[in-house]
file my_file10.cif (mmCIF, C-alpha atoms)
data_run
#
loop_
_atom_site.label_atom_id
_atom_site.label_comp_id
_atom_site.auth_asym_id
_atom_site.auth_seq_id
_atom_site.Cartn_x
_atom_site.Cartn_y
_atom_site.Cartn_z
CA MET A 259 -63.14 -11.09 17.87
CA LYS A 260 -64.40 -8.21 15.77
CA GLY A 261 -62.31 -5.08 16.28
CA THR A 262 -59.33 -6.95 17.76
CA LYS A 263 -56.06 -5.49 16.53
CA LEU A 264 -53.80 -8.11 14.99
CA PRO A 265 -50.19 -8.14 16.13
CA ASP A 266 -47.64 -6.48 13.83
CA VAL A 267 -45.64 -9.30 12.23
CA THR A 268 -43.74 -7.06 9.80
CA PRO A 269 -39.99 -7.76 10.16
CA ARG A 270 -38.39 -4.64 11.64
CA ILE A 271 -35.09 -3.31 12.93
CA THR A 272 -35.29 -4.18 16.62
CA ALA A 273 -31.85 -3.10 17.89
CA VAL A 274 -28.68 -1.33 16.80
CA ASP A 275 -25.68 -2.79 18.66
CA THR A 276 -22.32 -1.04 18.53
CA TYR A 277 -18.81 -2.13 19.49
CA ASP A 278 -15.49 -0.32 19.93
CA LEU A 279 -13.07 -2.83 18.37
CA ARG A 280 -9.34 -2.07 18.46
CA PHE A 281 -6.39 -4.12 17.28
CA PRO A 282 -2.83 -3.58 18.59
CA THR A 283 -1.17 -3.03 15.20
CA SER A 284 1.13 -0.33 16.62
CA ARG A 285 3.13 -3.05 18.39
CA GLU A 286 4.67 -4.13 15.05
CA LEU A 287 4.35 -0.68 13.37
CA ASP A 288 1.87 -2.11 10.88
CA GLY A 289 0.12 0.84 9.25
CA SER A 290 2.79 3.39 10.23
CA ASP A 291 3.28 6.44 8.02
CA ALA A 292 4.58 10.00 8.20
CA MET A 293 1.42 11.37 9.83
CA ASN A 294 0.32 8.29 11.81
CA PRO A 295 3.40 6.71 13.40
CA ASP A 296 1.63 4.36 15.82
CA PRO A 297 -1.86 3.40 14.62
CA ASP A 298 -3.98 0.77 16.33
CA TYR A 299 -6.33 -0.25 13.52
CA SER A 300 -9.89 0.00 14.84
CA ALA A 301 -13.49 -0.45 13.79
CA ALA A 302 -16.60 1.26 15.13
CA TYR A 303 -18.73 -1.80 14.43
CA VAL A 304 -22.51 -1.96 14.17
CA ILE A 305 -24.98 -4.83 13.98
CA LEU A 306 -28.56 -4.24 12.88
CA ARG A 307 -30.69 -6.74 14.80
CA THR A 308 -34.02 -7.67 13.26
CA SER A 309 -37.13 -9.62 14.08
CA PRO A 310 -36.53 -13.29 14.97
CA GLY A 311 -35.76 -15.47 11.98
CA GLU A 312 -34.59 -12.54 9.85
CA GLN A 313 -31.11 -11.71 8.57
CA GLU A 314 -28.95 -9.16 10.39
CA GLY A 315 -26.92 -6.34 8.85
CA TYR A 316 -23.28 -5.57 9.59
CA GLY A 317 -21.29 -2.40 9.04
CA PHE A 318 -18.46 -0.34 10.44
CA THR A 319 -16.24 2.63 9.97
CA PHE A 320 -12.47 2.68 10.34
CA THR A 321 -10.29 4.64 12.77
CA ILE A 322 -6.76 4.19 14.12
CA GLY A 323 -7.31 3.90 17.88
CA ARG A 324 -8.06 6.77 20.24
CA GLY A 325 -11.33 8.39 19.32
CA ASN A 326 -12.93 5.16 18.19
CA ASP A 327 -15.22 5.54 21.19
CA ILE A 328 -16.35 8.91 19.81
CA GLN A 329 -17.16 7.27 16.50
CA VAL A 330 -19.19 4.59 18.28
CA ALA A 331 -21.04 7.30 20.22
CA ALA A 332 -21.91 9.03 16.93
CA ILE A 333 -23.43 5.82 15.58
CA ASP A 334 -25.36 5.41 18.82
CA ALA A 335 -26.74 8.93 18.38
CA LEU A 336 -28.32 7.88 15.08
CA ARG A 337 -30.08 4.83 16.50
CA ASP A 338 -33.57 6.37 16.64
CA HIS A 339 -33.50 7.04 12.89
CA ILE A 340 -33.52 3.32 12.10
CA LEU A 341 -35.13 1.51 15.02
CA GLY A 342 -38.57 0.13 14.13
CA ARG A 343 -38.19 0.51 10.38
CA SER A 344 -39.58 -2.19 8.14
CA VAL A 345 -36.74 -4.42 6.97
CA ALA A 346 -38.37 -4.99 3.58
CA GLU A 347 -38.96 -1.28 2.96
CA LEU A 348 -35.46 -0.36 4.12
CA CYS A 349 -33.79 -2.92 1.86
CA ALA A 350 -35.98 -1.95 -1.08
CA ASP A 351 -34.85 1.67 -0.73
CA PRO A 352 -31.66 2.25 1.33
CA GLY A 353 -31.73 5.79 0.00
CA SER A 354 -34.72 6.55 2.21
CA LEU A 355 -32.54 6.16 5.31
CA TYR A 356 -29.66 8.00 3.66
CA ASN A 357 -31.92 10.97 2.92
CA ASP A 358 -33.31 11.01 6.47
CA LEU A 359 -29.86 10.92 8.05
CA ILE A 360 -28.28 13.46 5.71
CA GLY A 361 -31.36 15.64 6.07
CA ASP A 362 -31.31 15.77 9.88
CA SER A 363 -30.79 19.52 10.32
CA GLN A 364 -29.16 19.28 13.73
CA LEU A 365 -26.68 16.67 12.51
CA ARG A 366 -25.91 18.80 9.45
CA TRP A 367 -24.91 21.61 11.77
CA LEU A 368 -22.06 19.38 12.99
CA GLY A 369 -20.83 18.83 9.42
CA PRO A 370 -22.38 19.37 7.09
CA GLU A 371 -21.67 16.04 5.39
CA LYS A 372 -18.21 15.57 6.83
CA GLY A 373 -16.41 14.24 9.86
CA VAL A 374 -17.48 11.87 12.62
CA THR A 375 -21.24 12.13 12.08
CA HIS A 376 -20.92 11.60 8.34
CA MET A 377 -18.79 8.51 8.87
CA ALA A 378 -21.33 7.25 11.40
CA ILE A 379 -24.04 7.63 8.77
CA GLY A 380 -21.82 5.60 6.44
CA ALA A 381 -21.53 2.76 8.96
CA LEU A 382 -25.32 2.49 9.21
CA ILE A 383 -25.90 2.82 5.49
CA ASN A 384 -23.32 0.14 4.75
CA ALA A 385 -25.01 -2.14 7.29
CA VAL A 386 -28.33 -1.65 5.48
CA TRP A 387 -26.75 -2.58 2.14
CA ASP A 388 -25.20 -5.63 3.78
CA LEU A 389 -28.66 -6.59 5.05
CA ALA A 390 -30.21 -5.99 1.61
CA ALA A 391 -27.60 -8.15 -0.12
CA ARG A 392 -28.03 -10.93 2.44
CA ARG A 393 -31.80 -10.93 1.93
CA ALA A 394 -31.27 -11.06 -1.82
CA GLY A 395 -28.81 -13.96 -1.46
CA LYS A 396 -26.09 -12.08 -3.40
CA PRO A 397 -22.71 -10.54 -2.69
CA LEU A 398 -23.09 -6.77 -2.78
CA TRP A 399 -21.13 -6.30 -6.01
CA LYS A 400 -23.56 -8.61 -7.77
CA LEU A 401 -26.63 -6.98 -6.17
CA LEU A 402 -25.49 -3.62 -7.53
CA ALA A 403 -24.49 -5.02 -10.92
CA HIS A 404 -27.88 -6.70 -11.34
CA ALA A 405 -29.85 -3.65 -10.17
CA ASP A 406 -32.03 -1.64 -12.51
CA PRO A 407 -30.12 1.52 -13.56
CA ALA A 408 -33.11 3.75 -12.84
CA TRP A 409 -33.34 2.34 -9.30
CA LEU A 410 -29.62 2.97 -8.72
CA VAL A 411 -30.02 6.57 -9.89
CA LYS A 412 -32.77 7.04 -7.28
CA GLN A 413 -30.29 5.94 -4.60
CA ILE A 414 -28.02 8.90 -5.35
CA ASP A 415 -28.15 12.38 -3.84
CA PHE A 416 -27.45 14.80 -6.70
CA ARG A 417 -27.61 17.86 -4.49
CA TYR A 418 -24.43 19.95 -4.93
CA ILE A 419 -23.13 17.79 -7.80
CA ALA A 420 -25.80 18.35 -10.48
CA ASP A 421 -23.53 20.89 -12.21
CA ALA A 422 -21.08 18.03 -12.82
CA LEU A 423 -23.40 15.00 -13.08
CA THR A 424 -27.13 15.04 -13.77
CA PRO A 425 -29.54 12.17 -13.09
CA ASP A 426 -29.98 11.72 -16.85
CA GLU A 427 -26.22 11.47 -17.35
CA ALA A 428 -25.98 8.95 -14.52
CA LEU A 429 -28.77 6.88 -16.03
CA ASP A 430 -27.03 6.92 -19.40
CA LEU A 431 -23.72 5.79 -17.87
CA LEU A 432 -25.38 2.97 -15.94
CA THR A 433 -27.46 1.87 -18.93
CA LYS A 434 -24.36 1.70 -21.13
CA GLY A 435 -22.59 -0.16 -18.33
CA LYS A 436 -25.10 -2.98 -18.68
CA GLN A 437 -23.75 -3.76 -22.16
CA GLY A 438 -21.45 -6.77 -21.84
CA ALA A 439 -21.94 -6.97 -18.07
CA GLU A 440 -22.56 -10.71 -18.05
CA GLU A 441 -19.30 -11.38 -19.89
CA ARG A 442 -17.37 -9.12 -17.52
CA ALA A 443 -18.94 -10.79 -14.50
CA ALA A 444 -17.79 -14.16 -15.83
CA HIS A 445 -14.29 -12.78 -16.39
CA LEU A 446 -14.25 -11.33 -12.89
CA THR A 447 -15.32 -14.62 -11.36
CA GLN A 448 -12.58 -16.46 -13.23
CA HIS A 449 -9.69 -13.99 -12.99
CA GLY A 450 -10.48 -11.62 -10.11
CA TYR A 451 -9.88 -7.86 -9.85
CA PRO A 452 -6.36 -6.32 -9.90
CA ALA A 453 -4.78 -5.46 -6.56
CA TYR A 454 -1.69 -3.61 -5.41
CA THR A 455 -0.09 -4.01 -2.00
CA THR A 456 1.08 -1.56 0.66
CA SER A 457 2.26 -4.32 3.00
CA PRO A 458 6.00 -3.84 2.22
CA GLY A 459 6.00 -0.07 2.58
CA TRP A 460 5.05 0.99 6.10
CA LEU A 461 7.32 3.76 7.26
CA GLY A 462 8.37 2.04 10.48
CA TYR A 463 9.73 -1.04 8.71
CA SER A 464 13.47 -1.60 8.34
CA ASP A 465 15.07 -1.58 4.90
CA GLU A 466 15.61 -5.32 5.21
CA LYS A 467 11.93 -5.95 5.96
CA LEU A 468 10.87 -3.62 3.14
CA THR A 469 13.12 -5.43 0.64
CA THR A 470 12.01 -8.90 1.71
CA LEU A 471 8.31 -8.03 1.60
CA ALA A 472 8.65 -6.20 -1.73
CA GLN A 473 10.28 -9.22 -3.35
CA GLN A 474 7.65 -11.49 -1.85
CA ALA A 475 4.90 -9.24 -3.21
CA VAL A 476 6.26 -9.58 -6.74
CA ALA A 477 6.57 -13.35 -6.28
CA ASP A 478 2.91 -13.37 -5.17
CA GLY A 479 1.82 -11.77 -8.43
CA PHE A 480 1.47 -8.08 -7.50
CA THR A 481 2.54 -5.67 -10.23
CA GLN A 482 2.47 -2.58 -7.98
CA ILE A 483 3.61 -1.85 -4.45
CA LYS A 484 3.29 1.31 -2.37
CA LEU A 485 5.79 2.97 -0.04
CA LYS A 486 5.07 5.51 2.66
CA VAL A 487 7.19 8.65 2.39
CA GLY A 488 7.37 12.15 3.84
CA SER A 489 9.20 11.94 7.14
CA ASP A 490 12.79 12.42 5.96
CA LEU A 491 13.92 12.92 2.36
CA THR A 492 17.25 11.16 2.81
CA ASP A 493 15.46 8.14 4.26
CA ASP A 494 12.92 8.20 1.44
CA ILE A 495 15.63 8.23 -1.23
CA ARG A 496 17.36 5.29 0.44
CA ARG A 497 14.13 3.31 0.85
CA CYS A 498 12.90 3.99 -2.69
CA ARG A 499 16.28 2.96 -4.07
CA ALA A 500 16.21 -0.25 -2.05
CA ALA A 501 12.69 -1.04 -3.23
CA ARG A 502 13.45 -0.33 -6.89
CA GLN A 503 16.58 -2.49 -6.78
CA ALA A 504 14.61 -5.27 -5.11
CA ILE A 505 11.74 -5.43 -7.62
CA GLY A 506 13.32 -4.20 -10.83
CA PRO A 507 12.03 -1.72 -13.43
CA GLY A 508 8.88 -3.52 -14.53
CA ILE A 509 6.90 -3.19 -11.29
CA ARG A 510 5.09 0.02 -10.41
CA ILE A 511 5.98 1.84 -7.18
CA ALA A 512 3.43 4.27 -5.76
CA ILE A 513 4.47 6.65 -2.99
CA ASP A 514 2.19 8.03 -0.28
CA ALA A 515 2.87 11.14 1.82
CA ASN A 516 -0.34 10.95 3.88
CA GLN A 517 -0.98 14.73 3.68
CA ARG A 518 2.45 15.56 5.07
CA TRP A 519 3.53 18.50 2.91
CA ASN A 520 2.77 22.07 1.97
CA VAL A 521 2.36 22.55 -1.77
CA PRO A 522 5.92 23.78 -2.61
CA GLU A 523 7.42 21.06 -0.41
CA ALA A 524 5.28 18.40 -2.09
CA ILE A 525 6.55 19.46 -5.50
CA GLU A 526 10.19 19.57 -4.45
CA TRP A 527 10.05 16.26 -2.54
CA THR A 528 8.17 14.37 -5.24
CA ASN A 529 10.53 15.55 -7.96
CA ALA A 530 13.49 14.52 -5.78
CA LEU A 531 12.12 10.95 -5.87
CA ALA A 532 11.41 11.00 -9.63
CA GLU A 533 14.58 9.00 -10.43
CA PHE A 534 12.88 5.92 -8.93
CA ASP A 535 9.99 6.21 -11.40
CA PRO A 536 7.09 6.53 -8.94
CA TYR A 537 3.76 5.82 -10.60
CA TRP A 538 1.81 8.18 -8.37
CA ILE A 539 2.22 10.47 -5.38
CA GLU A 540 -0.67 9.95 -2.99
CA GLU A 541 -2.09 12.59 -0.63
CA PRO A 542 0.78 15.04 -1.20
CA THR A 543 -1.01 17.74 0.80
CA SER A 544 -4.27 18.43 2.65
CA PRO A 545 -7.18 16.54 1.09
CA ASP A 546 -9.20 19.76 1.33
CA ASP A 547 -6.74 21.71 -0.84
CA ILE A 548 -8.22 21.27 -4.29
CA LEU A 549 -6.19 24.01 -5.98
CA GLY A 550 -3.06 22.81 -4.20
CA HIS A 551 -3.51 19.36 -5.71
CA ALA A 552 -3.96 20.93 -9.15
CA THR A 553 -0.75 22.92 -8.73
CA ILE A 554 1.16 19.84 -7.62
CA ARG A 555 -0.22 17.79 -10.51
CA ARG A 556 1.02 20.27 -13.08
CA ALA A 557 4.44 20.50 -11.44
CA VAL A 558 5.24 16.80 -11.00
CA HIS A 559 3.94 15.45 -14.33
CA PRO A 560 4.36 12.70 -15.57
CA ILE A 561 4.13 11.38 -11.99
CA LYS A 562 0.40 11.01 -11.32
CA VAL A 563 -1.41 12.57 -8.37
CA ALA A 564 -3.80 10.40 -6.35
CA THR A 565 -6.03 11.26 -3.42
CA GLY A 566 -9.35 10.42 -1.81
CA GLU A 567 -9.12 8.35 1.36
CA HIS A 568 -9.68 11.46 3.51
CA VAL A 569 -11.96 13.33 1.10
CA HIS A 570 -15.10 14.17 3.05
CA ASN A 571 -17.82 13.77 0.45
CA ARG A 572 -18.91 13.69 -3.18
CA ILE A 573 -18.72 17.50 -3.41
CA ILE A 574 -14.97 17.63 -2.82
CA PHE A 575 -14.47 14.81 -5.32
CA LYS A 576 -16.55 16.76 -7.83
CA GLN A 577 -14.27 19.79 -7.44
CA LEU A 578 -11.06 17.74 -7.63
CA LEU A 579 -12.28 16.39 -10.96
CA GLN A 580 -13.51 19.76 -12.24
CA ALA A 581 -10.16 21.37 -11.38
CA ASP A 582 -8.13 18.63 -13.12
CA ALA A 583 -6.41 18.16 -9.77
CA ILE A 584 -6.01 14.36 -9.72
CA ASP A 585 -5.10 11.53 -12.06
CA ILE A 586 -6.27 8.74 -9.73
CA LEU A 587 -9.42 8.84 -7.56
CA GLN A 588 -9.11 6.92 -4.31
CA LEU A 589 -12.53 6.51 -2.77
CA ASP A 590 -12.88 4.92 0.65
CA SER A 591 -15.71 2.63 1.70
CA THR A 592 -16.17 4.19 5.16
CA ARG A 593 -15.06 7.83 4.92
CA VAL A 594 -18.22 9.06 3.16
CA ALA A 595 -21.87 8.21 3.82
CA GLY A 596 -21.75 4.62 2.63
CA VAL A 597 -22.69 2.91 -0.61
CA ASN A 598 -25.14 5.58 -1.76
CA GLU A 599 -22.54 8.34 -1.77
CA ASN A 600 -19.87 6.08 -3.23
CA LEU A 601 -22.20 5.34 -6.14
CA ALA A 602 -22.22 9.07 -6.85
CA ILE A 603 -18.42 9.20 -6.64
CA LEU A 604 -17.98 6.24 -8.99
CA LEU A 605 -20.30 7.92 -11.49
CA LEU A 606 -18.41 11.20 -11.27
CA ALA A 607 -15.17 9.34 -11.97
CA ALA A 608 -16.74 7.46 -14.87
CA LYS A 609 -18.00 10.67 -16.47
CA HIS A 610 -14.52 12.22 -16.22
CA ASP A 611 -12.81 8.97 -17.32
CA ILE A 612 -10.59 8.99 -14.23
CA PRO A 613 -9.38 5.60 -12.90
CA VAL A 614 -10.60 4.61 -9.44
CA CYS A 615 -8.00 2.89 -7.23
CA PRO A 616 -9.70 2.64 -3.82
CA HIS A 617 -8.03 3.06 -0.48
CA ALA A 618 -8.10 -0.12 1.58
CA GLY A 619 -5.32 0.29 4.14
CA GLY A 620 -7.23 -0.48 7.33
CA VAL A 621 -9.18 -3.15 9.14
CA GLY A 622 -12.01 -4.42 6.95
CA LEU A 623 -11.54 -1.89 4.16
CA CYS A 624 -10.31 -4.53 1.71
CA GLU A 625 -13.39 -6.58 2.49
CA LEU A 626 -15.76 -3.72 1.71
CA VAL A 627 -14.26 -1.78 -1.13
CA GLN A 628 -13.62 -4.79 -3.35
CA HIS A 629 -17.39 -4.90 -3.92
CA LEU A 630 -17.50 -1.30 -5.16
CA SER A 631 -14.68 -1.78 -7.65
CA MET A 632 -16.14 -5.03 -8.92
CA PHE A 633 -19.51 -3.38 -9.49
CA ASP A 634 -17.74 -0.52 -11.28
CA TYR A 635 -15.98 -2.96 -13.61
CA VAL A 636 -18.98 -5.16 -14.32
CA ALA A 637 -21.72 -2.54 -14.71
CA LEU A 638 -20.26 0.97 -15.00
CA SER A 639 -16.73 1.71 -16.27
CA ALA A 640 -16.38 -1.71 -17.95
CA THR A 641 -12.60 -1.67 -17.55
CA THR A 642 -9.77 -2.49 -15.14
CA GLN A 643 -7.19 -0.54 -17.17
CA ASP A 644 -4.89 1.31 -14.73
CA ARG A 645 -7.21 0.34 -11.88
CA ALA A 646 -6.33 -1.66 -8.78
CA VAL A 647 -7.65 -2.01 -5.24
CA GLU A 648 -5.19 -1.54 -2.39
CA TYR A 649 -4.42 -4.63 -0.32
CA VAL A 650 -2.77 -4.96 3.09
CA ASP A 651 -2.23 -8.34 4.65
CA HIS A 652 -3.56 -7.51 8.12
CA LEU A 653 -6.54 -8.63 10.22
CA HIS A 654 -8.52 -10.49 7.55
CA GLN A 655 -8.82 -13.51 9.84
CA HIS A 656 -11.34 -11.61 11.96
CA PHE A 657 -13.98 -11.64 9.19
CA LEU A 658 -16.34 -14.49 8.39
CA HIS A 659 -15.79 -13.89 4.69
CA PRO A 660 -12.33 -12.31 4.33
CA ALA A 661 -10.94 -10.80 1.17
CA ARG A 662 -9.00 -13.38 -0.80
CA ILE A 663 -6.03 -12.72 -3.08
CA THR A 664 -4.72 -14.99 -5.81
CA ALA A 665 -1.87 -14.00 -8.15
CA GLY A 666 -2.20 -10.34 -7.24
CA HIS A 667 -5.96 -10.23 -7.82
CA TYR A 668 -8.95 -10.02 -5.48
CA ARG A 669 -11.15 -13.05 -5.92
CA ALA A 670 -14.80 -12.13 -6.41
CA PRO A 671 -16.79 -12.64 -3.17
CA THR A 672 -19.52 -15.26 -3.42
CA ALA A 673 -21.14 -15.08 0.03
CA PRO A 674 -24.28 -12.91 0.32
CA GLY A 675 -23.68 -9.48 1.86
CA PHE A 676 -21.00 -6.80 2.06
CA SER A 677 -18.31 -9.07 3.63
CA ALA A 678 -18.57 -6.98 6.81
CA GLN A 679 -19.42 -9.57 9.47
CA ILE A 680 -16.81 -10.02 12.21
CA HIS A 681 -16.40 -13.21 14.25
CA GLN A 682 -18.00 -13.17 17.69
CA ALA A 683 -14.70 -14.38 19.17
CA THR A 684 -13.04 -11.22 17.81
CA ILE A 685 -15.71 -9.05 19.42
CA ASP A 686 -15.20 -10.84 22.73
CA THR A 687 -11.43 -10.42 22.54
CA TYR A 688 -10.85 -6.96 21.07
CA THR A 689 -13.74 -4.82 22.34
CA TYR A 690 -12.13 -1.90 24.13
CA PRO A 691 -11.50 -1.75 27.07
CA HIS A 692 -13.25 -4.82 28.48
CA GLY A 693 -12.53 -7.47 25.82
CA ALA A 694 -10.20 -10.25 26.87
CA PHE A 695 -7.10 -8.85 25.14
CA TRP A 696 -7.47 -5.27 26.32
CA ALA A 697 -8.53 -6.17 29.85
CA ALA A 698 -5.38 -8.28 30.23
CA ASP A 699 -3.22 -5.65 28.53
CA LEU A 700 -4.48 -2.80 30.69
CA ALA A 701 -4.14 -4.93 33.83
CA ALA A 702 -0.51 -5.68 32.93
CA GLN A 703 0.20 -1.98 32.50
CA ASN A 704 -1.51 -1.09 35.79
CA PRO A 705 -1.00 -4.03 38.17
CA GLU A 706 -2.02 -1.91 41.15
CA ASP A 707 -5.54 -1.69 39.71
CA ARG A 708 -6.08 -5.47 39.91
CA THR A 709 -8.68 -6.62 42.38
#
call {"tool": "encode", "arguments": {"input": "my_file10.cif", "output": "structure tokens"}}
result
Amino acid sequence: MKGTKLPDVTPRITAVDTYDLRFPTSRELDGSDAMNPDPDYSAAYVILRTSPGEQEGYGFTFTIGRGNDIQVAAIDALRDHILGRSVAELCADPGSLYNDLIGDSQLRWLGPEKGVTHMAIGALINAVWDLAARRAGKPLWKLLAHADPAWLVKQIDFRYIADALTPDEALDLLTKGKQGAEERAAHLTQHGYPAYTTSPGWLGYSDEKLTTLAQQAVADGFTQIKLKVGSDLTDDIRRCRAARQAIGPGIRIAIDANQRWNVPEAIEWTNALAEFDPYWIEEPTSPDDILGHATIRRAVHPIKVATGEHVHNRIIFKQLLQADAIDILQLDSTRVAGVNENLAILLLAAKHDIPVCPHAGGVGLCELVQHLSMFDYVALSATTQDRAVEYVDHLHQHFLHPARITAGHYRAPTAPGFSAQIHQATIDTYTYPHGAFWAADLAAQNPEDRT
């Protein structure tokens, strides 16, 4: 009939579902360090539901237990920014959502661009990139590597970093990164991307467990392990000695203080461990202390200084690089506002010729960040020299497409997406507090509450 309005058949975001997923890793002290002695690895998990017959998008941010509900609530608070959006338009320009979320003035008042709300933005942005890669039929690393450099530049927010990286410089870096990309992609597919492992080094592990796991790591092909330090110097000396004796002189040992020290203490403690030839000292002090990191770096040379897993945003990374405060940049896939901001961080590192060795010690972080490093190798930095992605052997079984390691290397993902999708059975079991595991656990702790 003339004048009848046709129904809208444009595929759209129809729902944003969130889940508070927690895993009882504190029971075995997995993940324990000087600042976090009893973490329960957790994910504030989000699913972007779409019109029937369309792909869904999956994302999350990482926490260590209590407060994961706050992170979920922050994602929920962003729901209205994405509901009803055209799937095609969103996937064609994820930066449009990034700009809307970062530009929300009332959310900025809570940050700006840091903390719980910023991480919530990252969870949504990562879910959009997962959706975009699924629709394109490519793993995310390949979607990014195949992308037009000019389009990638448009995905980046240069506000506050243009004094260190201009759009023209970014375009030049990405254009040069295209040279030889096909050959590097083939090499990546055949050989994988270098990894190092933290699995032997959790602070709560006994010396015997540390030694056994360190030797196993070397047997599995890893050429670098990491030990947590910072609780007691005598213990650290004993543990570092045990590790070095177990693996010999040819394997790198990184040490990680997890922000434990003041600047003078960091210098003294790191130099006290120098006899064990640590490759880097990670997070020696507050991640916000740019000048402190620079002071430590000068004082502990030739031991390298690494940081980044708790760095709020691209602006802090810019300043760490400008101040010559770090030797190793450790971006995190869920700490900042998702793929868009991590593209900026990778470009900043590339301009300063600083190796990127991402943080991946947490549920799902290995699955996500492998894509960013693989893109960086194939289409930006063009090298894996002195670069490796952290690996921990925990909780991968909960993902439909888990990270895979062979001979100390991440195998290149082949499934479309960002490797973020979690099994439904895991959601049913580990959603807090009503999932099957937690309901039973809480009932056992409070038998009088049973009905």
call {"tool": "atom_distance", "arguments": {"input": "my_file10.cif", "atom1": "atom CA of Lys396 of chain A", "atom2": "atom CA of Thr433 of chain A"}}
result
20.9 Å
call {"tool": "residues_near_point", "arguments": {"input": "my_file10.cif", "point": "(8.0, -5.3, -14.4)", "cutoff": "9 Å", "atoms": "all atoms listed in the file", "output": "PDB file with C-alpha atoms, in the frame of the given file"}}
result
ATOM      1  CA  VAL A 476       6.260  -9.580  -6.740  1.00  0.00           C
ATOM      2  CA  THR A 481       2.540  -5.670 -10.230  1.00  0.00           C
ATOM      3  CA  GLN A 482       2.470  -2.580  -7.980  1.00  0.00           C
ATOM      4  CA  ILE A 505      11.740  -5.430  -7.620  1.00  0.00           C
ATOM      5  CA  GLY A 506      13.320  -4.200 -10.830  1.00  0.00           C
ATOM      6  CA  PRO A 507      12.030  -1.720 -13.430  1.00  0.00           C
ATOM      7  CA  GLY A 508       8.880  -3.520 -14.530  1.00  0.00           C
ATOM      8  CA  ILE A 509       6.900  -3.190 -11.290  1.00  0.00           C
ATOM      9  CA  ARG A 510       5.090   0.020 -10.410  1.00  0.00           C
TER      10      ARG A 510
END
call {"tool": "resolve_selection", "arguments": {"input": "my_file10.cif", "expression": "the PyMOL selection byres ((chain A and resi 529) around 12)", "output": "short mmCIF file (atom, residue, chain, number, x, y, z; two decimals) with C-alpha atoms, in the frame of the given file"}}
result
data_model
loop_
_atom_site.label_atom_id
_atom_site.label_comp_id
_atom_site.auth_asym_id
_atom_site.auth_seq_id
_atom_site.Cartn_x
_atom_site.Cartn_y
_atom_site.Cartn_z
CA LEU A 491 13.92 12.92 2.36
CA ILE A 495 15.63 8.23 -1.23
CA ILE A 513 4.47 6.65 -2.99
CA PRO A 522 5.92 23.78 -2.61
CA GLU A 523 7.42 21.06 -0.41
CA ALA A 524 5.28 18.40 -2.09
CA ILE A 525 6.55 19.46 -5.50
CA GLU A 526 10.19 19.57 -4.45
CA TRP A 527 10.05 16.26 -2.54
CA THR A 528 8.17 14.37 -5.24
CA ALA A 530 13.49 14.52 -5.78
CA LEU A 531 12.12 10.95 -5.87
CA ALA A 532 11.41 11.00 -9.63
CA GLU A 533 14.58 9.00 -10.43
CA PHE A 534 12.88 5.92 -8.93
CA ASP A 535 9.99 6.21 -11.40
CA PRO A 536 7.09 6.53 -8.94
CA TRP A 538 1.81 8.18 -8.37
CA ILE A 539 2.22 10.47 -5.38
CA PRO A 542 0.78 15.04 -1.20
CA ILE A 554 1.16 19.84 -7.62
CA ARG A 555 -0.22 17.79 -10.51
CA ARG A 556 1.02 20.27 -13.08
CA ALA A 557 4.44 20.50 -11.44
CA VAL A 558 5.24 16.80 -11.00
CA HIS A 559 3.94 15.45 -14.33
CA PRO A 560 4.36 12.70 -15.57
CA ILE A 561 4.13 11.38 -11.99
CA LYS A 562 0.40 11.01 -11.32
#
call {"tool": "closest_residue", "arguments": {"input": "my_file10.cif", "among": "A:Gln503, A:Ser489, A:Thr543, A:Thr592", "to": "Ala378 of chain A", "atoms": "only C-alpha atoms"}}
result
A:Thr592
call {"tool": "residues_around", "arguments": {"input": "my_file10.cif", "residues": "Asn384 of chain A", "least_positions_apart": "3", "cutoff": "12 Å", "atoms": "all atoms listed in the file", "output": "JSON, numbers by chain"}}
result
{"A": [303, 304, 305, 306, 315, 316, 317, 318, 319, 349, 352, 353, 355, 356, 377, 378, 379, 380, 381, 387, 388, 389, 390, 391, 398, 591, 592, 593, 594, 595, 596, 597, 598, 599, 600, 623, 626, 627, 629, 630, 675, 676, 677, 678, 679]}
call {"tool": "residues_around", "arguments": {"input": "my_file10.cif", "residues": "Leu429 of chain A", "least_positions_apart": "5", "cutoff": "7 Å", "atoms": "only C-alpha atoms", "output": "MDAnalysis selection string"}}
result
chainID A and resid 407:408 411
call {"tool": "resolve_selection", "arguments": {"input": "my_file10.cif", "expression": "the PyMOL selection byres ((chain A and resi 439) around 10)", "output": "number ranges by chain"}}
result
A: 403-404, 434-438, 440-445, 633, 635-638, 640
call {"tool": "atom_distance", "arguments": {"input": "my_file10.cif", "atom1": "atom CA of Lys484 of chain A", "atom2": "atom CA of Gly459 of chain A"}}
result
5.8 Å
call {"tool": "atom_distance", "arguments": {"input": "my_file10.cif", "atom1": "atom CA of Leu604 of chain A", "atom2": "atom CA of Asp634 of chain A"}}
result
7.1 Å
call {"tool": "resolve_selection", "arguments": {"input": "my_file10.cif", "expression": "the PyMOL selection byres ((chain A and resi 574) around 12)", "output": "PyMOL selection string"}}
result
chain A and resi 371-372+418-419+422+545-549+551+565-573+575-581+583-584+587+589+594+602-603+606
call {"tool": "closest_residue", "arguments": {"input": "my_file10.cif", "among": "A:Asp362, A:Asp275, A:Glu347, A:Asp651", "to": "Ala385 of chain A", "atoms": "only C-alpha atoms"}}
result
A:Asp275
